[in-house]
Structure formats: structure tokens, C-alpha cells
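This report refers to the structure that appears directly beneath it.
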Amino acid sequence: MVTEMKLGLCNPPEPIYLHVKSGELNGESYLWYNYDINNDQTIPVHKTGLTGYISELKLKSGEFKGNVNNKLHIVVRADEIYVVRTGIETNFAKTFLLAASCVQDFSKPLIIAAIAGKENVVFCNLYDAATKTRIRSEWNRDADWLAIIDSVQTKLQTSQNSHIVSGEPILF
């Protein structure tokens, strides 16, 4: 199956960054947002789920207000390329990683859902997009997060390579 290329006006092929945060703007709640750096403006995203193919996990380190800030970037291929950005120490990152560690085949689309907790806490639920079944995992606050990231990254590479070897194209 070959997808038809749309001609005409479009967005440049740059990723859309989704930041995780429980917030409120103009009386409306949101769990993730885009940030317009040029206008120093938070743009709420009111949908709470993102369906696509998880293609990569990245650890990024940067400075924010004088502190070193470690972020997990979850790269998702969908109608556009999305990068879900969250602090590595957040409940969102940890619940995502625990659920992702249970996924065996990343060649199928998944739904990443932002779930509100108490106060400003945001959790992540992961679902099989075809069956709408939640991928359940046991909470483990003492998990080796770097080992889980490495394990998931290895599975992601294996899923991508299995399609290349079998000759099946991955269409996004």
C-alpha cells in the first residue's frame, strides 16, 4: 500500500514537540502542550491520546533556570513526527517506561495517553491501538530506568529491522 503525497501548503517536516504538564489556561485544563519559543507562549493540546508508531527513545540533558534538566524524548511517527518530552524523573516517564517494557512488537501502532493524577501529577497509559487494550505493568519505584530504556530501544530497533529484512515497508 503506497500513500499518496499531498501537494500544496503544508507544515515543514519538523517534529511537533508535546510537553507533559497538568495545567490550566483560560479555565481549560490540559495535560500536554506545545511551546511557541518565539512568543514565549504555552499552547494547550486538549486531546489526551497520541496514536502512532513509537520509533525511538532519547535521553536529552539541558539547562533550565540554572539546573541540569534530564528529559526523555519519545519519538512517535503518526500523521506528523511527534516528540513527547517529559522529565526523566516524572511519573509520566516512569509509567510510560514500565508499560513500554511490556511491549514485544513495536511495529504496531500504540496509543500514548496522558492521565491526570492528584494535584499536578500526570501518568501515562499505553494501549494497543488496534484492540484498544491497555498494556498493564506493575509499579516498581526502584526499577533500573536506564536499563529499561536500553531494553525498549533494543526492541524498537529489532521491530524496525524485522520489517526491513522481511521486505515489508513501514508506511507512516
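Note on naming: chains are A, B, ... as they come in the C-alpha cells, residues start from 1 per chain, ligands start from 1 in the order shown.
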**Message:** Excluding region 78-85 of chain A and its own-chain neighbours fewer than 3 positions away, which residues fall within 8 Å of it when counting only C-alpha atoms? Please give them as a list in words.
**Reply:** Pro13, Glu14, Pro15, Ile16, Tyr17, Leu18, His19, Val20, Thr51, Gly52, Tyr53, Lys71, Leu72, His73, Ile74, Val75 and Phe172 of chain A
Write the residues of the selection above to a file with N, CA, C and O atoms, as a compact mmCIF listing (two decimals), in the first residue's frame.
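Heads up, here's the output in selection-v3.txt:
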# COMPACT_ATOMS: atom_id res chain seq x y z
N PRO A 13 8.76 19.52 7.58
CA PRO A 13 8.91 18.21 8.23
C PRO A 13 9.73 18.27 9.51
O PRO A 13 10.71 17.57 9.69
N GLU A 14 9.33 19.12 10.41
CA GLU A 14 9.96 19.25 11.72
C GLU A 14 9.06 18.57 12.74
O GLU A 14 7.84 18.57 12.61
N PRO A 15 9.65 17.99 13.77
CA PRO A 15 8.81 17.32 14.77
C PRO A 15 7.95 18.31 15.54
O PRO A 15 8.31 19.48 15.69
N ILE A 16 6.82 17.83 15.99
CA ILE A 16 5.93 18.60 16.86
C ILE A 16 6.24 18.13 18.28
O ILE A 16 6.10 16.95 18.60
N TYR A 17 6.70 19.06 19.12
CA TYR A 17 7.06 18.71 20.49
C TYR A 17 5.84 18.85 21.39
O TYR A 17 5.20 19.89 21.43
N LEU A 18 5.53 17.77 22.10
CA LEU A 18 4.48 17.78 23.10
C LEU A 18 5.14 17.69 24.47
O LEU A 18 5.89 16.75 24.74
N HIS A 19 4.89 18.67 25.30
CA HIS A 19 5.43 18.70 26.66
C HIS A 19 4.35 18.21 27.61
O HIS A 19 3.18 18.54 27.44
N VAL A 20 4.75 17.47 28.63
CA VAL A 20 3.80 16.91 29.59
C VAL A 20 3.71 17.82 30.81
O VAL A 20 4.72 18.16 31.41
N THR A 51 -1.82 8.56 18.92
CA THR A 51 -1.70 7.25 18.28
C THR A 51 -0.64 7.29 17.21
O THR A 51 -0.64 8.19 16.37
N GLY A 52 0.27 6.32 17.27
CA GLY A 52 1.31 6.25 16.25
C GLY A 52 2.28 5.13 16.56
O GLY A 52 2.05 4.29 17.43
N TYR A 53 3.37 5.15 15.81
CA TYR A 53 4.42 4.15 15.95
C TYR A 53 5.56 4.75 16.75
O TYR A 53 6.15 5.74 16.33
N LYS A 71 15.70 15.00 30.26
CA LYS A 71 14.40 14.75 29.62
C LYS A 71 14.42 13.45 28.85
O LYS A 71 15.42 13.06 28.28
N LEU A 72 13.27 12.79 28.84
CA LEU A 72 13.03 11.64 27.99
C LEU A 72 12.25 12.14 26.79
O LEU A 72 11.24 12.82 26.95
N HIS A 73 12.76 11.84 25.58
CA HIS A 73 12.05 12.17 24.35
C HIS A 73 11.53 10.87 23.76
O HIS A 73 12.30 9.96 23.48
N ILE A 74 10.22 10.79 23.58
CA ILE A 74 9.57 9.63 22.97
C ILE A 74 9.19 10.06 21.56
O ILE A 74 8.32 10.92 21.38
N VAL A 75 9.86 9.48 20.56
CA VAL A 75 9.62 9.87 19.17
C VAL A 75 8.52 8.98 18.61
O VAL A 75 8.61 7.75 18.66
N PHE A 172 4.05 5.41 7.06
CA PHE A 172 3.62 6.36 8.08
C PHE A 172 2.79 7.44 7.45
O PHE A 172 2.95 7.81 6.35
Select from chain A everything DSSP, run on the backbone, classes as strand (DSSP E or B), then give the selection as a JSON list (two decimals) with N, CA and C atoms, in the first residue's frame.
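The new file out-v5.json reads:
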[["chain", "number", "residue", "atom", "x", "y", "z"],
["A", 16, "ILE", "N", 6.82, 17.83, 15.99],
["A", 16, "ILE", "CA", 5.93, 18.60, 16.86],
["A", 16, "ILE", "C", 6.24, 18.13, 18.28],
["A", 17, "TYR", "N", 6.70, 19.06, 19.12],
["A", 17, "TYR", "CA", 7.06, 18.71, 20.49],
["A", 17, "TYR", "C", 5.84, 18.85, 21.39],
["A", 18, "LEU", "N", 5.53, 17.77, 22.10],
["A", 18, "LEU", "CA", 4.48, 17.78, 23.10],
["A", 18, "LEU", "C", 5.14, 17.69, 24.47],
["A", 19, "HIS", "N", 4.89, 18.67, 25.30],
["A", 19, "HIS", "CA", 5.43, 18.70, 26.66],
["A", 19, "HIS", "C", 4.35, 18.21, 27.61],
["A", 20, "VAL", "N", 4.75, 17.47, 28.63],
["A", 20, "VAL", "CA", 3.80, 16.91, 29.59],
["A", 20, "VAL", "C", 3.71, 17.82, 30.81],
["A", 21, "LYS", "N", 2.48, 18.23, 31.13],
["A", 21, "LYS", "CA", 2.26, 19.08, 32.30],
["A", 21, "LYS", "C", 0.76, 19.17, 32.56],
["A", 22, "SER", "N", 0.39, 19.05, 33.80],
["A", 22, "SER", "CA", -1.01, 19.28, 34.15],
["A", 22, "SER", "C", -1.17, 20.77, 34.40],
["A", 23, "GLY", "N", -1.95, 21.41, 33.54],
["A", 23, "GLY", "CA", -2.10, 22.85, 33.67],
["A", 23, "GLY", "C", -3.49, 23.31, 33.31],
["A", 24, "GLU", "N", -3.66, 24.62, 33.41],
["A", 24, "GLU", "CA", -4.94, 25.23, 33.07],
["A", 24, "GLU", "C", -4.65, 26.57, 32.42],
["A", 25, "LEU", "N", -5.38, 26.85, 31.36],
["A", 25, "LEU", "CA", -5.24, 28.13, 30.67],
["A", 25, "LEU", "C", -6.63, 28.57, 30.25],
["A", 28, "GLU", "N", -9.48, 26.22, 31.02],
["A", 28, "GLU", "CA", -9.50, 24.87, 30.43],
["A", 28, "GLU", "C", -8.26, 24.10, 30.87],
["A", 29, "SER", "N", -8.48, 22.87, 31.30],
["A", 29, "SER", "CA", -7.39, 22.01, 31.73],
["A", 29, "SER", "C", -6.72, 21.35, 30.53],
["A", 30, "TYR", "N", -5.43, 21.05, 30.70],
["A", 30, "TYR", "CA", -4.70, 20.31, 29.68],
["A", 30, "TYR", "C", -3.63, 19.47, 30.37],
["A", 31, "LEU", "N", -3.16, 18.42, 29.66],
["A", 31, "LEU", "CA", -2.13, 17.54, 30.19],
["A", 31, "LEU", "C", -0.84, 17.56, 29.37],
["A", 32, "TRP", "N", -0.94, 18.06, 28.15],
["A", 32, "TRP", "CA", 0.27, 18.34, 27.40],
["A", 32, "TRP", "C", 0.05, 19.57, 26.54],
["A", 33, "TYR", "N", 1.18, 20.11, 26.09],
["A", 33, "TYR", "CA", 1.11, 21.38, 25.37],
["A", 33, "TYR", "C", 2.28, 21.50, 24.40],
["A", 34, "ASN", "N", 2.13, 22.42, 23.46],
["A", 34, "ASN", "CA", 3.23, 22.85, 22.59],
["A", 34, "ASN", "C", 3.73, 24.15, 23.18],
["A", 35, "TYR", "N", 4.98, 24.46, 22.89],
["A", 35, "TYR", "CA", 5.54, 25.72, 23.38],
["A", 35, "TYR", "C", 6.06, 26.52, 22.20],
["A", 36, "ASP", "N", 5.55, 27.73, 22.04],
["A", 36, "ASP", "CA", 5.98, 28.64, 20.99],
["A", 36, "ASP", "C", 7.11, 29.49, 21.56],
["A", 41, "GLN", "N", 5.07, 31.35, 24.58],
["A", 41, "GLN", "CA", 3.66, 31.07, 24.81],
["A", 41, "GLN", "C", 3.40, 29.57, 24.89],
["A", 42, "THR", "N", 2.64, 29.17, 25.89],
["A", 42, "THR", "CA", 2.18, 27.79, 26.04],
["A", 42, "THR", "C", 0.90, 27.63, 25.23],
["A", 43, "ILE", "N", 0.87, 26.58, 24.38],
["A", 43, "ILE", "CA", -0.32, 26.31, 23.57],
["A", 43, "ILE", "C", -0.87, 24.95, 24.00],
["A", 44, "PRO", "N", -1.96, 24.94, 24.79],
["A", 44, "PRO", "CA", -2.51, 23.68, 25.28],
["A", 44, "PRO", "C", -2.95, 22.75, 24.15],
["A", 45, "VAL", "N", -2.76, 21.46, 24.36],
["A", 45, "VAL", "CA", -3.28, 20.42, 23.47],
["A", 45, "VAL", "C", -4.36, 19.70, 24.26],
["A", 49, "GLY", "N", -4.68, 11.68, 24.01],
["A", 49, "GLY", "CA", -4.04, 10.49, 23.46],
["A", 49, "GLY", "C", -3.32, 10.81, 22.15],
["A", 50, "LEU", "N", -2.24, 10.09, 21.91],
["A", 50, "LEU", "CA", -1.47, 10.21, 20.68],
["A", 50, "LEU", "C", -1.28, 8.81, 20.12],
["A", 51, "THR", "N", -1.82, 8.56, 18.92],
["A", 51, "THR", "CA", -1.70, 7.25, 18.28],
["A", 51, "THR", "C", -0.64, 7.29, 17.21],
["A", 52, "GLY", "N", 0.27, 6.32, 17.27],
["A", 52, "GLY", "CA", 1.31, 6.25, 16.25],
["A", 52, "GLY", "C", 2.28, 5.13, 16.56],
["A", 53, "TYR", "N", 3.37, 5.15, 15.81],
["A", 53, "TYR", "CA", 4.42, 4.15, 15.95],
["A", 53, "TYR", "C", 5.56, 4.75, 16.75],
["A", 54, "ILE", "N", 5.84, 4.18, 17.91],
["A", 54, "ILE", "CA", 6.98, 4.66, 18.69],
["A", 54, "ILE", "C", 8.23, 4.20, 17.96],
["A", 55, "SER", "N", 9.08, 5.15, 17.58],
["A", 55, "SER", "CA", 10.25, 4.79, 16.78],
["A", 55, "SER", "C", 11.56, 4.94, 17.52],
["A", 56, "GLU", "N", 11.57, 5.72, 18.59],
["A", 56, "GLU", "CA", 12.84, 5.93, 19.27],
["A", 56, "GLU", "C", 12.62, 6.56, 20.64],
["A", 57, "LEU", "N", 13.53, 6.24, 21.56],
["A", 57, "LEU", "CA", 13.61, 6.93, 22.85],
["A", 57, "LEU", "C", 14.95, 7.62, 22.90],
["A", 58, "LYS", "N", 14.96, 8.85, 23.38],
["A", 58, "LYS", "CA", 16.21, 9.60, 23.51],
["A", 58, "LYS", "C", 16.27, 10.22, 24.90],
["A", 59, "LEU", "N", 17.45, 10.26, 25.46],
["A", 59, "LEU", "CA", 17.68, 10.99, 26.69],
["A", 59, "LEU", "C", 18.39, 12.29, 26.33],
["A", 60, "LYS", "N", 17.84, 13.40, 26.77],
["A", 60, "LYS", "CA", 18.42, 14.71, 26.48],
["A", 60, "LYS", "C", 18.70, 15.42, 27.80],
["A", 61, "SER", "N", 19.82, 16.09, 27.83],
["A", 61, "SER", "CA", 20.18, 16.85, 29.02],
["A", 61, "SER", "C", 20.32, 18.30, 28.62],
["A", 62, "GLY", "N", 19.77, 19.16, 29.43],
["A", 62, "GLY", "CA", 19.85, 20.59, 29.15],
["A", 62, "GLY", "C", 19.82, 21.38, 30.44],
["A", 63, "GLU", "N", 19.93, 22.68, 30.31],
["A", 63, "GLU", "CA", 19.89, 23.53, 31.49],
["A", 63, "GLU", "C", 18.61, 24.33, 31.48],
["A", 64, "PHE", "N", 17.96, 24.41, 32.63],
["A", 64, "PHE", "CA", 16.73, 25.17, 32.77],
["A", 64, "PHE", "C", 16.78, 25.89, 34.10],
["A", 67, "ASN", "N", 19.58, 24.89, 36.45],
["A", 67, "ASN", "CA", 19.67, 23.49, 36.88],
["A", 67, "ASN", "C", 19.80, 22.58, 35.68],
["A", 68, "VAL", "N", 20.53, 21.46, 35.86],
["A", 68, "VAL", "CA", 20.59, 20.45, 34.81],
["A", 68, "VAL", "C", 19.25, 19.74, 34.79],
["A", 69, "ASN", "N", 18.70, 19.59, 33.59],
["A", 69, "ASN", "CA", 17.36, 19.03, 33.43],
["A", 69, "ASN", "C", 17.45, 17.86, 32.45],
["A", 70, "ASN", "N", 17.18, 16.64, 32.92],
["A", 70, "ASN", "CA", 17.22, 15.46, 32.07],
["A", 70, "ASN", "C", 15.82, 15.15, 31.57],
["A", 71, "LYS", "N", 15.70, 15.00, 30.26],
["A", 71, "LYS", "CA", 14.40, 14.75, 29.62],
["A", 71, "LYS", "C", 14.42, 13.45, 28.85],
["A", 72, "LEU", "N", 13.27, 12.79, 28.84],
["A", 72, "LEU", "CA", 13.03, 11.64, 27.99],
["A", 72, "LEU", "C", 12.25, 12.14, 26.79],
["A", 73, "HIS", "N", 12.76, 11.84, 25.58],
["A", 73, "HIS", "CA", 12.05, 12.17, 24.35],
["A", 73, "HIS", "C", 11.53, 10.87, 23.76],
["A", 74, "ILE", "N", 10.22, 10.79, 23.58],
["A", 74, "ILE", "CA", 9.57, 9.63, 22.97],
["A", 74, "ILE", "C", 9.19, 10.06, 21.56],
["A", 75, "VAL", "N", 9.86, 9.48, 20.56],
["A", 75, "VAL", "CA", 9.62, 9.87, 19.17],
["A", 75, "VAL", "C", 8.52, 8.98, 18.61],
["A", 76, "VAL", "N", 7.47, 9.62, 18.09],
["A", 76, "VAL", "CA", 6.29, 8.91, 17.58],
["A", 76, "VAL", "C", 6.04, 9.34, 16.14],
["A", 77, "ARG", "N", 5.90, 8.35, 15.26],
["A", 77, "ARG", "CA", 5.57, 8.62, 13.86],
["A", 77, "ARG", "C", 4.06, 8.42, 13.70],
["A", 81, "ILE", "N", 5.63, 13.81, 12.70],
["A", 81, "ILE", "CA", 6.55, 13.26, 13.69],
["A", 81, "ILE", "C", 6.32, 14.05, 14.98],
["A", 82, "TYR", "N", 6.04, 13.34, 16.05],
["A", 82, "TYR", "CA", 5.83, 13.96, 17.35],
["A", 82, "TYR", "C", 6.96, 13.54, 18.28],
["A", 83, "VAL", "N", 7.35, 14.44, 19.15],
["A", 83, "VAL", "CA", 8.31, 14.12, 20.20],
["A", 83, "VAL", "C", 7.64, 14.50, 21.52],
["A", 84, "VAL", "N", 7.34, 13.47, 22.33],
["A", 84, "VAL", "CA", 6.76, 13.71, 23.65],
["A", 84, "VAL", "C", 7.94, 13.94, 24.58],
["A", 85, "ARG", "N", 7.99, 15.11, 25.20],
["A", 85, "ARG", "CA", 9.09, 15.48, 26.09],
["A", 85, "ARG", "C", 8.60, 15.49, 27.53],
["A", 86, "THR", "N", 9.33, 14.79, 28.38],
["A", 86, "THR", "CA", 8.98, 14.75, 29.79],
["A", 86, "THR", "C", 10.23, 14.56, 30.62],
["A", 87, "GLY", "N", 10.20, 15.06, 31.82],
["A", 87, "GLY", "CA", 11.33, 14.86, 32.73],
["A", 87, "GLY", "C", 11.51, 13.38, 33.02],
["A", 110, "LEU", "N", 0.62, 2.23, 18.69],
["A", 110, "LEU", "CA", 0.24, 2.29, 20.10],
["A", 110, "LEU", "C", -0.41, 3.64, 20.38],
["A", 111, "ILE", "N", -1.16, 3.70, 21.46],
["A", 111, "ILE", "CA", -1.73, 4.96, 21.92],
["A", 111, "ILE", "C", -1.03, 5.33, 23.22],
["A", 112, "ILE", "N", -0.44, 6.51, 23.24],
["A", 112, "ILE", "CA", 0.15, 7.06, 24.47],
["A", 112, "ILE", "C", -0.88, 8.02, 25.03],
["A", 113, "ALA", "N", -1.34, 7.77, 26.24],
["A", 113, "ALA", "CA", -2.38, 8.61, 26.83],
["A", 113, "ALA", "C", -1.87, 9.29, 28.09],
["A", 114, "ALA", "N", -2.08, 10.59, 28.17],
["A", 114, "ALA", "CA", -1.76, 11.36, 29.36],
["A", 114, "ALA", "C", -2.96, 11.29, 30.30],
["A", 115, "ILE", "N", -2.71, 10.88, 31.54],
["A", 115, "ILE", "CA", -3.77, 10.68, 32.53],
["A", 115, "ILE", "C", -3.51, 11.57, 33.74],
["A", 116, "ALA", "N", -4.50, 12.38, 34.12],
["A", 116, "ALA", "CA", -4.34, 13.28, 35.26],
["A", 116, "ALA", "C", -4.35, 12.52, 36.57],
["A", 122, "VAL", "N", 0.97, 13.79, 36.35],
["A", 122, "VAL", "CA", 0.46, 13.22, 35.10],
["A", 122, "VAL", "C", 1.07, 11.84, 34.95],
["A", 123, "PHE", "N", 0.22, 10.86, 34.70],
["A", 123, "PHE", "CA", 0.65, 9.49, 34.45],
["A", 123, "PHE", "C", 0.50, 9.17, 32.97],
["A", 124, "CYS", "N", 1.03, 8.03, 32.56],
["A", 124, "CYS", "CA", 0.90, 7.60, 31.18],
["A", 124, "CYS", "C", 0.27, 6.22, 31.15],
["A", 125, "ASN", "N", -0.73, 6.05, 30.30],
["A", 125, "ASN", "CA", -1.26, 4.73, 29.97],
["A", 125, "ASN", "C", -0.87, 4.46, 28.53],
["A", 126, "LEU", "N", -0.53, 3.22, 28.25],
["A", 126, "LEU", "CA", -0.16, 2.80, 26.91],
["A", 126, "LEU", "C", -1.18, 1.77, 26.46],
["A", 127, "TYR", "N", -1.66, 1.89, 25.22],
["A", 127, "TYR", "CA", -2.69, 1.00, 24.69],
["A", 127, "TYR", "C", -2.25, 0.44, 23.34],
["A", 128, "ASP", "N", -2.69, -0.78, 23.06],
["A", 128, "ASP", "CA", -2.59, -1.33, 21.72],
["A", 128, "ASP", "C", -3.64, -0.60, 20.89],
["A", 133, "THR", "N", -6.69, -2.12, 23.91],
["A", 133, "THR", "CA", -6.41, -2.79, 25.18],
["A", 133, "THR", "C", -5.23, -2.10, 25.86],
["A", 134, "ARG", "N", -5.41, -1.81, 27.14],
["A", 134, "ARG", "CA", -4.34, -1.17, 27.91],
["A", 134, "ARG", "C", -3.21, -2.17, 28.16]]
**Prompt:** as a PyMOL selection string, which residues of chain A does DSSP assign to helix (DSSP H, G or I)?
**Reply:** chain A and resi 91-100+145-166
**Message:** List the spatial neighbours of Thr154 (chain A) as a list in words - criterion: any atom at most 12 Å away, only C-alpha atoms, same-chain residues fewer than 4 positions off excluded.
**Reply:**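 Contacts, in chain order: Ser55, Glu56, Leu57, Ala100, Ser101, Val103, Gln104, Asp105, Phe106, Ala147, Ile148, Ile149, Asp150, Thr158, Ser159, Gln160 and Asn161 of chain A.
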For the residues in the current selection, export N, CA and C atoms as a compact mmCIF listing (two decimals), in the first residue's frame.
# COMPACT_ATOMS: atom_id res chain seq x y z
N SER A 55 9.08 5.15 17.58
CA SER A 55 10.25 4.79 16.78
C SER A 55 11.56 4.94 17.52
N GLU A 56 11.57 5.72 18.59
CA GLU A 56 12.84 5.93 19.27
C GLU A 56 12.62 6.56 20.64
N LEU A 57 13.53 6.24 21.56
CA LEU A 57 13.61 6.93 22.85
C LEU A 57 14.95 7.62 22.90
N ALA A 100 5.96 0.36 28.38
CA ALA A 100 6.70 0.09 27.14
C ALA A 100 7.59 -1.13 27.28
N SER A 101 8.07 -1.39 28.49
CA SER A 101 8.93 -2.57 28.70
C SER A 101 8.15 -3.87 28.51
N VAL A 103 5.89 -4.23 26.03
CA VAL A 103 5.57 -4.34 24.61
C VAL A 103 6.65 -5.20 23.94
N GLN A 104 6.20 -6.19 23.17
CA GLN A 104 7.14 -7.06 22.47
C GLN A 104 7.34 -6.64 21.01
N ASP A 105 6.31 -6.03 20.42
CA ASP A 105 6.36 -5.71 18.99
C ASP A 105 5.99 -4.25 18.77
N PHE A 106 6.99 -3.43 18.50
CA PHE A 106 6.76 -2.01 18.27
C PHE A 106 6.43 -1.68 16.82
N ALA A 147 18.27 0.86 32.33
CA ALA A 147 18.21 -0.49 31.75
C ALA A 147 16.91 -0.69 30.97
N ILE A 148 15.81 -0.15 31.49
CA ILE A 148 14.52 -0.26 30.79
C ILE A 148 14.58 0.52 29.47
N ILE A 149 15.15 1.71 29.49
CA ILE A 149 15.28 2.50 28.26
C ILE A 149 16.11 1.72 27.24
N ASP A 150 17.23 1.14 27.68
CA ASP A 150 18.07 0.35 26.77
C ASP A 150 17.30 -0.84 26.19
N THR A 158 14.86 -3.77 16.83
CA THR A 158 14.52 -5.10 16.31
C THR A 158 13.22 -5.03 15.51
N SER A 159 12.22 -4.30 16.00
CA SER A 159 10.95 -4.17 15.28
C SER A 159 11.15 -3.49 13.94
N GLN A 160 11.97 -2.45 13.90
CA GLN A 160 12.23 -1.75 12.64
C GLN A 160 12.99 -2.64 11.68
N ASN A 161 13.99 -3.36 12.17
CA ASN A 161 14.80 -4.22 11.32
C ASN A 161 14.02 -5.42 10.80
